[in-house]
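Novice: Below: one structure in C-alpha cells.
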Amino acid sequence: MIYFTADTHFFHQNVIRLNNRPFADVNEMNKVLIANWNALVSDRDEVYILGDFLYKGTGEQAAQILKKLHGKKYLIKGNHEKYLSDPEFDSSLFEWVKDYHVLEYKDARFILFHYPIAEWQFFHRKSAHLYGHVHNNVSHLPESSTILQHLDKRAVNVGVDVNDFFPVSADSVYAKAFGDT
C-alpha cells in the first residue's frame, strides 16, 4: 500500500497552538503521530512525506523518529527540512529526497509537491496534485484571497492537520480526486 502525509512537524511545540492540535505537549504529539502512522503502515508499505517532517529538532532526533516509523519513506522537501544538513542525520533512512515527484498510480499520476499549486504537470490529463504546507489554518491569507478556494478538486491536502493526524492512503486520495472510477 502507498500512503501520503505532510506537516507532521515532529518536535515543534508551537504547531500545537498555531494549528489547534489536540495535544498537551510535543511529547504527546510525537507519540500520537507515531502510533497513528504505525497503526496503518506496515514495513512493506511506502510513505511519501510531502514536507515539514520535523521542525526545531536535530538530525539525531529526526533519525530516531524515522527509525520508529514503519514503511519505506520518501521525502518531498518542505520549508522546514533543516535536519537534512545536520551531520548527525542518516540520510539513508529515506529512500530518496526530492523537491517534486510524479508518481504513477493506477491509471493516473499523482504530482507530489509541498506547496499547493493551481496547475501542475499533466493537469489536463488524469492527474492529481498532493500537497501540504497550509495545515488547517488559512487565517494568515488575506480576506480577499481565493488561493485555496480555487484549487482544482484534484488538489488534495495530505497534511496531518486535515486528516485526523494519520497518513492518507493512495486509494483514498484517488477516490477523492477522481471518484471511485
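If you're wondering about the labels, chains in the C-alpha cells are A, B, ... by order shown, residues count from 1 in each chain, ligands from 1 in order shown.
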Mind checking which residues fall within 7 Å of segment 50-67 of chain A, counting only C-alpha atoms, ignoring those fewer than 6 positions away in the same chain, and posting them as a VMD selection string?

Specialist: chain A and resid 5 to 12 75 to 81 83 to 84 86 88 to 90 93 112 to 114 131 to 132

Novice: Output N, CA and C atoms for every residue in that selection, as a PDB file, in the first residue's frame.

Specialist:
```pdb
ATOM      1  N   THR A   5       1.610  11.769   3.552  1.00  0.00           N
ATOM      2  CA  THR A   5       1.419  12.618   4.722  1.00  0.00           C
ATOM      3  C   THR A   5       2.230  13.890   4.519  1.00  0.00           C
ATOM      4  N   ALA A   6       1.964  14.887   5.343  1.00  0.00           N
ATOM      5  CA  ALA A   6       2.723  16.141   5.295  1.00  0.00           C
ATOM      6  C   ALA A   6       2.573  16.863   6.631  1.00  0.00           C
ATOM      7  N   ASP A   7       3.518  17.719   6.895  1.00  0.00           N
ATOM      8  CA  ASP A   7       3.442  18.659   8.015  1.00  0.00           C
ATOM      9  C   ASP A   7       3.288  17.996   9.380  1.00  0.00           C
ATOM     10  N   THR A   8       3.999  16.906   9.593  1.00  0.00           N
ATOM     11  CA  THR A   8       3.973  16.291  10.920  1.00  0.00           C
ATOM     12  C   THR A   8       4.595  17.225  11.957  1.00  0.00           C
ATOM     13  N   HIS A   9       5.613  17.958  11.573  1.00  0.00           N
ATOM     14  CA  HIS A   9       6.280  18.924  12.463  1.00  0.00           C
ATOM     15  C   HIS A   9       6.688  18.284  13.789  1.00  0.00           C
ATOM     16  N   PHE A  10       7.290  17.099  13.731  1.00  0.00           N
ATOM     17  CA  PHE A  10       7.801  16.493  14.960  1.00  0.00           C
ATOM     18  C   PHE A  10       8.685  17.498  15.693  1.00  0.00           C
ATOM     19  N   PHE A  11       8.568  17.524  17.025  1.00  0.00           N
ATOM     20  CA  PHE A  11       9.350  18.370  17.931  1.00  0.00           C
ATOM     21  C   PHE A  11       9.008  19.860  17.864  1.00  0.00           C
ATOM     22  N   HIS A  12       7.911  20.229  17.214  1.00  0.00           N
ATOM     23  CA  HIS A  12       7.543  21.644  17.091  1.00  0.00           C
ATOM     24  C   HIS A  12       6.428  21.968  18.093  1.00  0.00           C
ATOM     25  N   LEU A  75      10.914  11.458   0.837  1.00  0.00           N
ATOM     26  CA  LEU A  75      10.687  12.830   1.286  1.00  0.00           C
ATOM     27  C   LEU A  75      10.649  13.803   0.121  1.00  0.00           C
ATOM     28  N   ILE A  76       9.570  14.546   0.051  1.00  0.00           N
ATOM     29  CA  ILE A  76       9.482  15.747  -0.774  1.00  0.00           C
ATOM     30  C   ILE A  76       9.798  16.896   0.182  1.00  0.00           C
ATOM     31  N   LYS A  77      10.837  17.646  -0.106  1.00  0.00           N
ATOM     32  CA  LYS A  77      11.281  18.677   0.831  1.00  0.00           C
ATOM     33  C   LYS A  77      10.245  19.791   0.984  1.00  0.00           C
ATOM     34  N   GLY A  78      10.066  20.191   2.230  1.00  0.00           N
ATOM     35  CA  GLY A  78       9.242  21.346   2.552  1.00  0.00           C
ATOM     36  C   GLY A  78      10.136  22.508   2.929  1.00  0.00           C
ATOM     37  N   ASN A  79       9.596  23.454   3.641  1.00  0.00           N
ATOM     38  CA  ASN A  79      10.365  24.624   4.022  1.00  0.00           C
ATOM     39  C   ASN A  79      11.010  24.486   5.402  1.00  0.00           C
ATOM     40  N   HIS A  80      10.895  23.316   6.033  1.00  0.00           N
ATOM     41  CA  HIS A  80      11.486  23.110   7.364  1.00  0.00           C
ATOM     42  C   HIS A  80      12.321  21.831   7.432  1.00  0.00           C
ATOM     43  N   GLU A  81      13.123  21.551   6.450  1.00  0.00           N
ATOM     44  CA  GLU A  81      13.942  20.322   6.452  1.00  0.00           C
ATOM     45  C   GLU A  81      15.393  20.614   6.831  1.00  0.00           C
ATOM     46  N   TYR A  83      17.113  19.674   9.295  1.00  0.00           N
ATOM     47  CA  TYR A  83      17.786  18.491   9.833  1.00  0.00           C
ATOM     48  C   TYR A  83      18.551  17.722   8.751  1.00  0.00           C
ATOM     49  N   LEU A  84      18.168  17.891   7.483  1.00  0.00           N
ATOM     50  CA  LEU A  84      18.841  17.163   6.407  1.00  0.00           C
ATOM     51  C   LEU A  84      20.319  17.517   6.308  1.00  0.00           C
ATOM     52  N   ASP A  86      22.186  18.380   8.912  1.00  0.00           N
ATOM     53  CA  ASP A  86      22.837  18.080  10.183  1.00  0.00           C
ATOM     54  C   ASP A  86      23.710  16.834   9.995  1.00  0.00           C
ATOM     55  N   GLU A  88      24.584  14.697  11.979  1.00  0.00           N
ATOM     56  CA  GLU A  88      24.077  13.572  12.774  1.00  0.00           C
ATOM     57  C   GLU A  88      22.909  12.855  12.091  1.00  0.00           C
ATOM     58  N   PHE A  89      22.415  13.416  10.979  1.00  0.00           N
ATOM     59  CA  PHE A  89      21.273  12.803  10.296  1.00  0.00           C
ATOM     60  C   PHE A  89      21.737  11.730   9.330  1.00  0.00           C
ATOM     61  N   ASP A  90      21.070  10.584   9.363  1.00  0.00           N
ATOM     62  CA  ASP A  90      21.361   9.463   8.470  1.00  0.00           C
ATOM     63  C   ASP A  90      20.402   9.534   7.285  1.00  0.00           C
ATOM     64  N   LEU A  93      17.897   6.821   5.761  1.00  0.00           N
ATOM     65  CA  LEU A  93      16.584   6.493   6.324  1.00  0.00           C
ATOM     66  C   LEU A  93      15.462   6.851   5.358  1.00  0.00           C
ATOM     67  N   LEU A 112       3.452  15.268  -6.626  1.00  0.00           N
ATOM     68  CA  LEU A 112       3.780  15.473  -5.222  1.00  0.00           C
ATOM     69  C   LEU A 112       4.664  16.706  -5.071  1.00  0.00           C
ATOM     70  N   PHE A 113       4.182  17.673  -4.296  1.00  0.00           N
ATOM     71  CA  PHE A 113       4.903  18.919  -4.056  1.00  0.00           C
ATOM     72  C   PHE A 113       4.438  19.458  -2.706  1.00  0.00           C
ATOM     73  N   HIS A 114       5.330  20.034  -1.943  1.00  0.00           N
ATOM     74  CA  HIS A 114       4.967  20.513  -0.604  1.00  0.00           C
ATOM     75  C   HIS A 114       3.910  21.617  -0.646  1.00  0.00           C
ATOM     76  N   TYR A 131      -0.437  17.880  -1.763  1.00  0.00           N
ATOM     77  CA  TYR A 131       0.345  18.938  -1.138  1.00  0.00           C
ATOM     78  C   TYR A 131       0.122  18.952   0.368  1.00  0.00           C
ATOM     79  N   GLY A 132       0.875  19.821   1.022  1.00  0.00           N
ATOM     80  CA  GLY A 132       0.739  20.090   2.449  1.00  0.00           C
ATOM     81  C   GLY A 132       0.874  21.590   2.654  1.00  0.00           C
TER      82      GLY A 132
END
```

Novice: With only C-alpha atoms as the atoms that count, which of A:Val156, A:Glu46, A:Asp107, A:Leu69 lies nearest to Val32 of chain A?

Specialist: A:Leu69

Novice: Once DSSP has gone over the backbone, tell me which residues of segment 21-88 of chain A are in alpha helix (DSSP H), as a list of chain:residue names.

Specialist: A:Val26, A:Asn27, A:Glu28, A:Met29, A:Asn30, A:Lys31, A:Val32, A:Leu33, A:Ile34, A:Ala35, A:Asn36, A:Trp37, A:Asn38, A:Ala39, A:Leu40, A:Gly59, A:Glu60, A:Gln61, A:Ala62, A:Ala63, A:Gln64, A:Ile65, A:Leu66, A:Lys67, A:Lys68

Novice: Kindly save the residues from that selection, with N, CA and C atoms included, as a compact mmCIF listing (two decimals), in the first residue's frame.

Specialist:
```txt
# COMPACT_ATOMS: atom_id res chain seq x y z
N VAL A 26 4.56 18.55 23.13
CA VAL A 26 5.21 17.97 21.96
C VAL A 26 5.47 16.47 22.14
N ASN A 27 5.71 16.01 23.36
CA ASN A 27 5.93 14.57 23.58
C ASN A 27 4.67 13.79 23.26
N GLU A 28 3.52 14.28 23.71
CA GLU A 28 2.26 13.61 23.40
C GLU A 28 2.01 13.63 21.88
N MET A 29 2.24 14.78 21.26
CA MET A 29 2.03 14.88 19.81
C MET A 29 2.91 13.88 19.07
N ASN A 30 4.19 13.83 19.39
CA ASN A 30 5.10 12.90 18.72
C ASN A 30 4.63 11.46 18.88
N LYS A 31 4.22 11.09 20.10
CA LYS A 31 3.77 9.72 20.37
C LYS A 31 2.51 9.37 19.57
N VAL A 32 1.56 10.29 19.52
CA VAL A 32 0.32 10.04 18.78
C VAL A 32 0.58 9.94 17.28
N LEU A 33 1.40 10.84 16.75
CA LEU A 33 1.71 10.79 15.32
C LEU A 33 2.39 9.47 14.95
N ILE A 34 3.31 9.01 15.78
CA ILE A 34 3.99 7.73 15.53
C ILE A 34 2.99 6.58 15.63
N ALA A 35 2.16 6.57 16.66
CA ALA A 35 1.19 5.49 16.85
C ALA A 35 0.19 5.45 15.69
N ASN A 36 -0.31 6.61 15.27
CA ASN A 36 -1.27 6.66 14.15
C ASN A 36 -0.64 6.14 12.86
N TRP A 37 0.57 6.59 12.59
CA TRP A 37 1.31 6.14 11.40
C TRP A 37 1.43 4.62 11.43
N ASN A 38 1.94 4.08 12.54
CA ASN A 38 2.21 2.65 12.62
C ASN A 38 0.95 1.80 12.70
N ALA A 39 -0.16 2.40 13.07
CA ALA A 39 -1.44 1.67 13.08
C ALA A 39 -1.90 1.36 11.65
N LEU A 40 -1.50 2.16 10.68
CA LEU A 40 -1.89 1.96 9.28
C LEU A 40 -0.81 1.34 8.43
N GLY A 59 19.20 16.50 13.67
CA GLY A 59 19.32 15.36 12.76
C GLY A 59 19.20 14.04 13.51
N GLU A 60 19.76 13.98 14.69
CA GLU A 60 19.66 12.77 15.51
C GLU A 60 18.21 12.49 15.91
N GLN A 61 17.47 13.54 16.28
CA GLN A 61 16.06 13.36 16.63
C GLN A 61 15.24 12.92 15.42
N ALA A 62 15.52 13.48 14.26
CA ALA A 62 14.83 13.06 13.03
C ALA A 62 15.08 11.58 12.77
N ALA A 63 16.32 11.16 12.92
CA ALA A 63 16.67 9.75 12.70
C ALA A 63 15.96 8.85 13.70
N GLN A 64 15.90 9.26 14.95
CA GLN A 64 15.22 8.46 15.98
C GLN A 64 13.74 8.26 15.62
N ILE A 65 13.07 9.33 15.17
CA ILE A 65 11.66 9.22 14.79
C ILE A 65 11.52 8.32 13.57
N LEU A 66 12.32 8.56 12.55
CA LEU A 66 12.21 7.76 11.32
C LEU A 66 12.40 6.27 11.58
N LYS A 67 13.28 5.93 12.48
CA LYS A 67 13.53 4.51 12.82
C LYS A 67 12.32 3.87 13.50
N LYS A 68 11.48 4.67 14.13
CA LYS A 68 10.28 4.15 14.80
C LYS A 68 9.11 3.98 13.85
```

Novice: Identify, on the basis of only C-alpha atoms, every residue whose closest approach to His124 of chain A does not exceed 12 Å; exclude the query and any residue fewer than 2 positions from it along the same chain; express the result as a ChimeraX atom specification.

Specialist: /A:108-109,119-122,126-129,152,154

Novice: Could you take the residues named above and write them with N, CA and C atoms, as a PDB file, in the first residue's frame?

Specialist:
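Wrote it out as selection.pdb, contents follow:
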```
ATOM      1  N   ALA A 108      -3.617   6.938 -13.310  1.00  0.00           N
ATOM      2  CA  ALA A 108      -3.441   8.373 -13.086  1.00  0.00           C
ATOM      3  C   ALA A 108      -2.005   8.683 -12.655  1.00  0.00           C
ATOM      4  N   ARG A 109      -1.754   9.961 -12.520  1.00  0.00           N
ATOM      5  CA  ARG A 109      -0.477  10.432 -11.979  1.00  0.00           C
ATOM      6  C   ARG A 109      -0.769  11.310 -10.768  1.00  0.00           C
ATOM      7  N   GLU A 119      -1.963  24.878 -10.994  1.00  0.00           N
ATOM      8  CA  GLU A 119      -1.892  23.997 -12.158  1.00  0.00           C
ATOM      9  C   GLU A 119      -0.554  23.275 -12.114  1.00  0.00           C
ATOM     10  N   TRP A 120      -0.535  22.042 -12.560  1.00  0.00           N
ATOM     11  CA  TRP A 120       0.641  21.205 -12.420  1.00  0.00           C
ATOM     12  C   TRP A 120       0.879  20.390 -13.688  1.00  0.00           C
ATOM     13  N   GLN A 121       2.030  19.750 -13.719  1.00  0.00           N
ATOM     14  CA  GLN A 121       2.373  18.868 -14.829  1.00  0.00           C
ATOM     15  C   GLN A 121       1.263  17.831 -15.012  1.00  0.00           C
ATOM     16  N   PHE A 122       0.852  17.582 -16.250  1.00  0.00           N
ATOM     17  CA  PHE A 122      -0.217  16.639 -16.596  1.00  0.00           C
ATOM     18  C   PHE A 122      -1.594  17.100 -16.110  1.00  0.00           C
ATOM     19  N   LYS A 126      -5.270  12.796 -16.672  1.00  0.00           N
ATOM     20  CA  LYS A 126      -5.753  12.277 -15.390  1.00  0.00           C
ATOM     21  C   LYS A 126      -4.627  12.361 -14.353  1.00  0.00           C
ATOM     22  N   SER A 127      -4.664  13.441 -13.580  1.00  0.00           N
ATOM     23  CA  SER A 127      -3.643  13.662 -12.562  1.00  0.00           C
ATOM     24  C   SER A 127      -4.259  14.362 -11.362  1.00  0.00           C
ATOM     25  N   ALA A 128      -3.578  14.231 -10.247  1.00  0.00           N
ATOM     26  CA  ALA A 128      -3.970  14.920  -9.016  1.00  0.00           C
ATOM     27  C   ALA A 128      -2.718  15.503  -8.390  1.00  0.00           C
ATOM     28  N   HIS A 129      -2.887  16.631  -7.741  1.00  0.00           N
ATOM     29  CA  HIS A 129      -1.772  17.289  -7.048  1.00  0.00           C
ATOM     30  C   HIS A 129      -1.941  17.065  -5.548  1.00  0.00           C
ATOM     31  N   ASP A 152      -8.202  23.234  -7.957  1.00  0.00           N
ATOM     32  CA  ASP A 152      -8.977  22.184  -8.599  1.00  0.00           C
ATOM     33  C   ASP A 152      -9.331  21.107  -7.570  1.00  0.00           C
ATOM     34  N   ARG A 154      -8.989  18.195  -7.772  1.00  0.00           N
ATOM     35  CA  ARG A 154      -7.960  17.161  -7.817  1.00  0.00           C
ATOM     36  C   ARG A 154      -6.703  17.557  -7.040  1.00  0.00           C
TER      37      ARG A 154
END
```

Novice: Can you list, as number ranges by chain, all residues belonging to segment 84-166 of chain A that DSSP tags as strand (DSSP E)?

Specialist: A: 97-98, 100-105, 108-113, 127-131, 155-157

Novice: Since we have the selection now, will you write its residues out, keeping N, CA and C atoms, as an mmCIF file, in the first residue's frame?

Specialist:
```
data_model
loop_
_atom_site.group_PDB
_atom_site.id
_atom_site.type_symbol
_atom_site.label_atom_id
_atom_site.label_comp_id
_atom_site.auth_asym_id
_atom_site.auth_seq_id
_atom_site.Cartn_x
_atom_site.Cartn_y
_atom_site.Cartn_z
ATOM 1 N N VAL A 97 15.242 11.785 -1.481
ATOM 2 C CA VAL A 97 14.773 13.117 -1.093
ATOM 3 C C VAL A 97 14.718 13.946 -2.369
ATOM 4 N N LYS A 98 13.562 14.559 -2.638
ATOM 5 C CA LYS A 98 13.372 15.368 -3.843
ATOM 6 C C LYS A 98 12.566 16.623 -3.509
ATOM 7 N N TYR A 100 10.192 17.587 -5.876
ATOM 8 C CA TYR A 100 8.955 17.388 -6.658
ATOM 9 C C TYR A 100 9.021 15.977 -7.218
ATOM 10 N N HIS A 101 7.877 15.323 -7.324
ATOM 11 C CA HIS A 101 7.890 13.962 -7.856
ATOM 12 C C HIS A 101 6.557 13.656 -8.534
ATOM 13 N N VAL A 102 6.626 12.896 -9.626
ATOM 14 C CA VAL A 102 5.437 12.400 -10.313
ATOM 15 C C VAL A 102 5.363 10.901 -10.048
ATOM 16 N N LEU A 103 4.265 10.476 -9.438
ATOM 17 C CA LEU A 103 4.059 9.073 -9.091
ATOM 18 C C LEU A 103 2.904 8.522 -9.917
ATOM 19 N N GLU A 104 3.160 7.470 -10.660
ATOM 20 C CA GLU A 104 2.084 6.830 -11.417
ATOM 21 C C GLU A 104 1.337 5.888 -10.483
ATOM 22 N N TYR A 105 0.005 6.005 -10.507
ATOM 23 C CA TYR A 105 -0.831 5.179 -9.635
ATOM 24 C C TYR A 105 -2.107 4.824 -10.395
ATOM 25 N N ALA A 108 -3.617 6.938 -13.310
ATOM 26 C CA ALA A 108 -3.441 8.373 -13.086
ATOM 27 C C ALA A 108 -2.005 8.683 -12.655
ATOM 28 N N ARG A 109 -1.754 9.961 -12.520
ATOM 29 C CA ARG A 109 -0.477 10.432 -11.979
ATOM 30 C C ARG A 109 -0.769 11.310 -10.768
ATOM 31 N N PHE A 110 0.027 11.123 -9.728
ATOM 32 C CA PHE A 110 -0.021 11.987 -8.560
ATOM 33 C C PHE A 110 1.205 12.902 -8.618
ATOM 34 N N ILE A 111 0.960 14.188 -8.564
ATOM 35 C CA ILE A 111 2.019 15.177 -8.582
ATOM 36 C C ILE A 111 2.280 15.582 -7.139
ATOM 37 N N LEU A 112 3.452 15.268 -6.626
ATOM 38 C CA LEU A 112 3.780 15.473 -5.222
ATOM 39 C C LEU A 112 4.664 16.706 -5.071
ATOM 40 N N PHE A 113 4.182 17.673 -4.296
ATOM 41 C CA PHE A 113 4.903 18.919 -4.056
ATOM 42 C C PHE A 113 4.438 19.458 -2.706
ATOM 43 N N SER A 127 -4.664 13.441 -13.580
ATOM 44 C CA SER A 127 -3.643 13.662 -12.562
ATOM 45 C C SER A 127 -4.259 14.362 -11.362
ATOM 46 N N ALA A 128 -3.578 14.231 -10.247
ATOM 47 C CA ALA A 128 -3.970 14.920 -9.016
ATOM 48 C C ALA A 128 -2.718 15.503 -8.390
ATOM 49 N N HIS A 129 -2.887 16.631 -7.741
ATOM 50 C CA HIS A 129 -1.772 17.289 -7.048
ATOM 51 C C HIS A 129 -1.941 17.065 -5.548
ATOM 52 N N LEU A 130 -0.939 16.482 -4.923
ATOM 53 C CA LEU A 130 -0.944 16.259 -3.480
ATOM 54 C C LEU A 130 0.007 17.259 -2.847
ATOM 55 N N TYR A 131 -0.437 17.880 -1.763
ATOM 56 C CA TYR A 131 0.345 18.938 -1.138
ATOM 57 C C TYR A 131 0.122 18.952 0.368
ATOM 58 N N ALA A 155 -6.722 18.697 -6.377
ATOM 59 C CA ALA A 155 -5.640 19.101 -5.482
ATOM 60 C C ALA A 155 -6.032 18.657 -4.080
ATOM 61 N N VAL A 156 -5.242 17.772 -3.492
ATOM 62 C CA VAL A 156 -5.613 17.126 -2.232
ATOM 63 C C VAL A 156 -4.565 17.424 -1.159
ATOM 64 N N ASN A 157 -5.020 18.001 -0.062
ATOM 65 C CA ASN A 157 -4.156 18.273 1.082
ATOM 66 C C ASN A 157 -3.987 16.976 1.874
#
```

Novice: Just give me the gap between atom CA of Val41 of chain A and atom CA of Phe23 of chain A in Å, one decimal is fine.

Specialist: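 So the answer is 22.1 Å.
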
Novice: With only C-alpha atoms as the basis for distance, which of A:Arg44, A:Arg17, A:Lys106, A:Lys153 is at the shortest distance from Ala170 of chain A?

Specialist: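 Nearest to Ala170 of chain A: A:Lys106.
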
Novice: Find the distance between atom CA of Tyr115 of chain A and atom CA of Asp161 of chain A and write it in Å to one decimal.

Specialist: 14.9 Å

Novice: Counting only C-alpha atoms, figure out which residue out of A:Ala118, A:Ile16, A:Val47, A:Ala24 gets nearest to Phe166 of chain A.

Specialist: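 Counting only C-alpha atoms, the residue closest to Phe166 of chain A is A:Val47.
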